[in-house]
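A.B. asks: Provided herewith is a single structure, encoded as structure tokens, for subsequent inquiry.
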Amino acid sequence: MPTVTTHSPVPVPDPAAGEAVKSADRAHVFHSWSAQGLIDPLPVAGGQGAYFWDYDGNRYLDFSSQLVNTNIGHQHPKVVAAIQEQAGRMCTMAPGFAIDVRSEAARLVAERTPGDLDKIFFTNGGAEAVENAVRMARLHTGRHKVMSAYRSYHGATAAAINLTGDPRRWASDTGTAGAVHFWGPHLYRSHFHAETEEQECERALAHLEETLAFEGPGTVAAIILETVVGTAGVLVPPPGYLAGVREICDRYGVVFILDEVMAGFGRTGEWFALDHYGVVPDLLTFAKGVNSGYVPLGGVAISAEIAADFDERPYPGGLTYSGHPLACASAVATIEAMAEEGIVEHAARIGETVLGPGLREIAERHPSVGEVRGMGVFWALELVRDKETREPLVPYNASGAANAPMAEFAAACKRGGLWPMTNMNRVHAVPACTVTEAEAKEGLAVLDEALAVADAHTTAGA
């Protein structure tokens, strides 16, 4: 069983300390994805397991896993100890040297990747992993275009943000990165007028191949997909879709990249989400759950064929902190803890027996819940104004007053002691892979109560 703390410690409230932290933050910290004058960051005092707390003594069940990355929860003792031990032995070493902890982290990742994805290039996070995977694909094929889905997020660096399919791309989309977007499968909001998963799969693959044909297969280096789409809605691909993309890539000589930055390392109840589908990509990107975000780390798992391109010529890319010893030590400890404690299997079981059934029961009670999707500890509720028309609870990319129903719902969750992850008209249920049955049920109970706020904005509640 996973290492858990049944009663997470909560420090004695210290509001003055919290105010000092917040004051310094507001004076000096520039926050990502935010209008700086409109945000109100919560000063956080600590965390343990599935919970974190503020300086006022309020404790929150973390149903966001921060940014869906604390897969083994906050402050796992084995990982904390490994970072401390490594810091006492070797804090840093340039990536050109061979060091034990870097080699071991690479071996443990490669041991879990499918096929011949046995060479690991370490990065500082998921966006850099995508950048380097794209670079490898372009060098391998001699082509420049890369195709990605509209409902996707691949990072905020230059190529990664152009490949991203959601509105976070818009402000930085230069139109010069060779990025081409297409519609991936999503039966609930099908762009292919499909009525079944089989139809959605068949038509989505036909659309992808037609787009490829019109772009010119000889110009396309890679197709990149999130194995299970993350922030754009936890979109689980229909049976046969990923295998179909693999076949299209093989037929046209296109590199197949699977982005497992969010879906990897136990999140879906398997080491990698692709394990559910039996598909082997040419390149696989990872980050987040590889070490639960304790120290920045990401990477690319590389096939033998692509790795061989750089046996005799230098790979034109590198990072000062590639394979940083502290990050690699935390990855080794995380992977070993996940294996020893059966955390991946636990995540699968919690999804099958608690989260999945519980969320479906909630959906039956609430007119605001249009669909439940997910697996493992990776779930989303699609919130709607009307179940029949499927009109979203808030408009696409809503902000300000237009987003009020979702803001009110999120506030209700927090009042109930749950920290939610919301995105557009969705709430994601993505607790740590170590979440206990009792904690998962606690989170479901808060969601159930908070959804009454969303229900008031539906046609049924109006």
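Scheme for the structure tokens: letters A, B, ... for chains in order shown; per-chain residue numbers from 1; ligand numbers from 1 in order shown.
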Per residue of stretch 248-362 of chain A within 8 Å of stretch 205-221 of chain A, which atom pair is closest and at what distance in Å (one decimal), using only C-alpha atoms, listed by chain and increasing number, as a tab-separated table?
C.D. replies:
residue	atom	partner	partner_atom	distance
A:Ile248	CA	A:Glu209	CA	7.1
A:Tyr252	CA	A:Pro217	CA	6.3
A:Val254	CA	A:Ala221	CA	5.4
A:Val255	CA	A:Ala221	CA	6.0
A.B. asks: Convert the current residue selection to file output with C-alpha atoms, as a PDB file, in the first residue's frame.
C.D. replies:
ATOM      1  CA  ILE A 248      -0.674   6.543 -40.602  1.00  0.00           C
ATOM      2  CA  TYR A 252       3.998   8.281 -44.531  1.00  0.00           C
ATOM      3  CA  VAL A 254       6.141  10.563 -40.022  1.00  0.00           C
ATOM      4  CA  VAL A 255       7.568  10.432 -36.493  1.00  0.00           C
TER       5      VAL A 255
END
A.B. asks: If you count only C-alpha atoms, which residues fall within 12 Å of A:Arg365, apart from same-chain ones fewer than 4 positions away, as a PyMOL selection string?
C.D. replies: chain A and resi 358-361+369-370+447-449+451-452+455
A.B. asks: Nearest to A:Gln75 among A:Ala380, A:Val295, A:Gly126, A:Leu284, with distances taken over only C-alpha atoms: which residue is it?
C.D. replies: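 Of the candidates, the smallest distance to A:Gln75 is held by A:Val295.
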A.B. asks: Quick one: everything within 7 Å of stretch 95-109 of chain A, counting only C-alpha atoms, minus sequence neighbours fewer than 2 positions away in the same chain. Send it as a PyMOL selection string.
C.D. replies: chain A and resi 93+111-113+120+320-323+325+328-329+331-332
A.B. asks: Quick one: write out the picked residues with C-alpha atoms as a PDB file, in the first residue's frame?
C.D. replies:
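As written to disk, out_20.pdb reads:
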ATOM      1  CA  MET A  93      27.363  18.170 -11.970  1.00  0.00           C
ATOM      2  CA  GLU A 111      12.773  -0.015 -17.914  1.00  0.00           C
ATOM      3  CA  ARG A 112       9.152   1.172 -17.999  1.00  0.00           C
ATOM      4  CA  THR A 113       8.899   2.592 -21.507  1.00  0.00           C
ATOM      5  CA  ILE A 120      16.678   9.137 -22.225  1.00  0.00           C
ATOM      6  CA  THR A 320      22.892  23.283 -18.240  1.00  0.00           C
ATOM      7  CA  TYR A 321      20.672  21.391 -15.824  1.00  0.00           C
ATOM      8  CA  SER A 322      19.945  18.322 -17.966  1.00  0.00           C
ATOM      9  CA  GLY A 323      19.821  15.366 -15.611  1.00  0.00           C
ATOM     10  CA  PRO A 325      21.579  15.263  -9.645  1.00  0.00           C
ATOM     11  CA  CYS A 328      17.445  12.564 -10.761  1.00  0.00           C
ATOM     12  CA  ALA A 329      17.728  11.487  -7.125  1.00  0.00           C
ATOM     13  CA  ALA A 331      13.093  10.545  -9.735  1.00  0.00           C
ATOM     14  CA  VAL A 332      14.901   7.404  -8.588  1.00  0.00           C
TER      15      VAL A 332
END
A.B. asks: Neighbouring residues of A:Glu200 were defined as those with any atom within 8 Å, considering only C-alpha atoms; residues of the same chain fewer than 3 positions away were excluded. Please report them as a list in words.
C.D. replies: Pro185, His186, Leu187, Ser190, Phe192, His193, Ala194, Glu195, Thr196, Glu197, Arg203, Ala204 and Pro238 of chain A
A.B. asks: Which neighbours of A:Thr157 fall inside 9 Å, counting only C-alpha atoms, when residues of the same chain fewer than 5 positions from it are skipped, and could you give them as a ChimeraX atom specification?
C.D. replies: /A:127-128,130-131,162
A.B. asks: Give the helix (DSSP H, G or I) residues of stretch 247-308 of chain A, as DSSP finds them on the backbone, and put them as a compact mmCIF listing (two decimals) with C-alpha atoms, in the first residue's frame.
C.D. replies:
# COMPACT_ATOMS: atom_id res chain seq x y z
CA GLU A 247 -0.29 3.19 -38.82
CA ILE A 248 -0.67 6.54 -40.60
CA CYS A 249 2.72 7.68 -39.32
CA ASP A 250 4.36 4.46 -40.48
CA ARG A 251 2.78 4.72 -43.92
CA TYR A 252 4.00 8.28 -44.53
CA ALA A 273 -1.16 5.91 -20.44
CA LEU A 274 0.00 4.26 -23.67
CA ASP A 275 0.15 0.96 -21.77
CA HIS A 276 -3.65 0.87 -22.00
CA LYS A 288 5.56 15.98 -13.76
CA GLY A 289 4.90 12.56 -12.20
CA VAL A 290 8.41 11.22 -12.89
CA ALA A 304 16.81 3.16 -31.24
CA GLU A 305 16.41 4.37 -34.83
CA ILE A 306 16.27 8.06 -33.91
CA ALA A 307 19.00 7.76 -31.27
CA ALA A 308 21.28 6.18 -33.91
A.B. asks: I need the residues in stretch 375-437 of chain A that are strand (DSSP E) according to DSSP; give them as a PyMOL selection string.
C.D. replies: chain A and resi 375+378-383+418-419+421-423+426-429
A.B. asks: Please identify all polymer residues within 10 Å of A:Glu85, counting only C-alpha atoms, omitting same-chain residues fewer than 5 positions from it, and present them as a list in words.
C.D. replies: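 Close residues of A:Glu85: Val79, Val80, Met90, Cys91, Leu326 and Ala329 of chain A.
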A.B. asks: Please save C-alpha atoms of the selected residues as an mmCIF file, in the first residue's frame.
C.D. replies:
data_model
loop_
_atom_site.group_PDB
_atom_site.id
_atom_site.type_symbol
_atom_site.label_atom_id
_atom_site.label_comp_id
_atom_site.auth_asym_id
_atom_site.auth_seq_id
_atom_site.Cartn_x
_atom_site.Cartn_y
_atom_site.Cartn_z
ATOM 1 C CA VAL A 79 11.716 11.202 -1.810
ATOM 2 C CA VAL A 80 12.475 13.964 0.677
ATOM 3 C CA MET A 90 26.710 15.954 -4.809
ATOM 4 C CA CYS A 91 24.463 18.937 -5.449
ATOM 5 C CA LEU A 326 18.939 16.470 -7.182
ATOM 6 C CA ALA A 329 17.728 11.487 -7.125
#
A.B. asks: Excluding A:Tyr55 and any residue of its chain fewer than 6 positions from it, enumerate the residues within 7 Å of it, using only C-alpha atoms, and give them as an MDAnalysis selection string.
C.D. replies: chainID A and resid 13:15 17:18 43:45
A.B. asks: Okay, now the selection with C-alpha atoms, as a PDB file, in the first residue's frame?
C.D. replies:
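Generated output (result.pdb):
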ATOM      1  CA  PRO A  13      -2.255  29.402  12.628  1.00  0.00           C
ATOM      2  CA  ASP A  14       0.041  32.359  12.041  1.00  0.00           C
ATOM      3  CA  PRO A  15      -1.888  34.973  10.018  1.00  0.00           C
ATOM      4  CA  ALA A  17       3.374  35.268   8.734  1.00  0.00           C
ATOM      5  CA  GLY A  18       0.872  34.634   5.973  1.00  0.00           C
ATOM      6  CA  PRO A  43      -0.118  31.942   1.019  1.00  0.00           C
ATOM      7  CA  VAL A  44       0.628  28.257   1.634  1.00  0.00           C
ATOM      8  CA  ALA A  45       2.333  27.133   4.843  1.00  0.00           C
TER       9      ALA A  45
END
A.B. asks: Considering only C-alpha atoms, can you say which of A:Leu42, A:Ala81, A:Leu355, A:Val236 comes closest to A:Tyr60?
C.D. replies: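 Using only C-alpha atoms, the shortest distance to A:Tyr60 belongs to A:Leu42.
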A.B. asks: So that each row is one residue of stretch 338-410 of chain A with an atom at most 12 Å from stretch 414-417 of chain A, can you give its shortest atom pair and the distance in Å to one decimal, using only C-alpha atoms, rows by chain and rising number, as a tab-separated table?
C.D. replies:
residue	atom	partner	partner_atom	distance
A:Ala407	CA	A:Lys414	CA	10.7
A:Glu408	CA	A:Lys414	CA	10.0
A:Phe409	CA	A:Lys414	CA	8.9
A:Ala410	CA	A:Lys414	CA	6.4
A.B. asks: Just how far from atom CA of A:Ala327 is atom CA of A:Pro431, in Å to one decimal?
C.D. replies: 22.4 Å
A.B. asks: So how many Å separate atom CA of A:Cys201 and atom CA of A:Lys145, to one decimal?
C.D. replies: 23.8 Å
A.B. asks: Expressed in Å to a single decimal, how great is the separation between atom CA of A:Ala87 and atom CA of A:Ser330?
C.D. replies: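 That distance, rounded to one decimal, is 10.8 Å.
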A.B. asks: Counting only C-alpha atoms, figure out which residue out of A:Ala110, A:Ile350, A:Leu117, A:Val372 gets nearest to A:Lys441.
C.D. replies: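 That would be A:Ile350, the residue with the smallest distance to A:Lys441.
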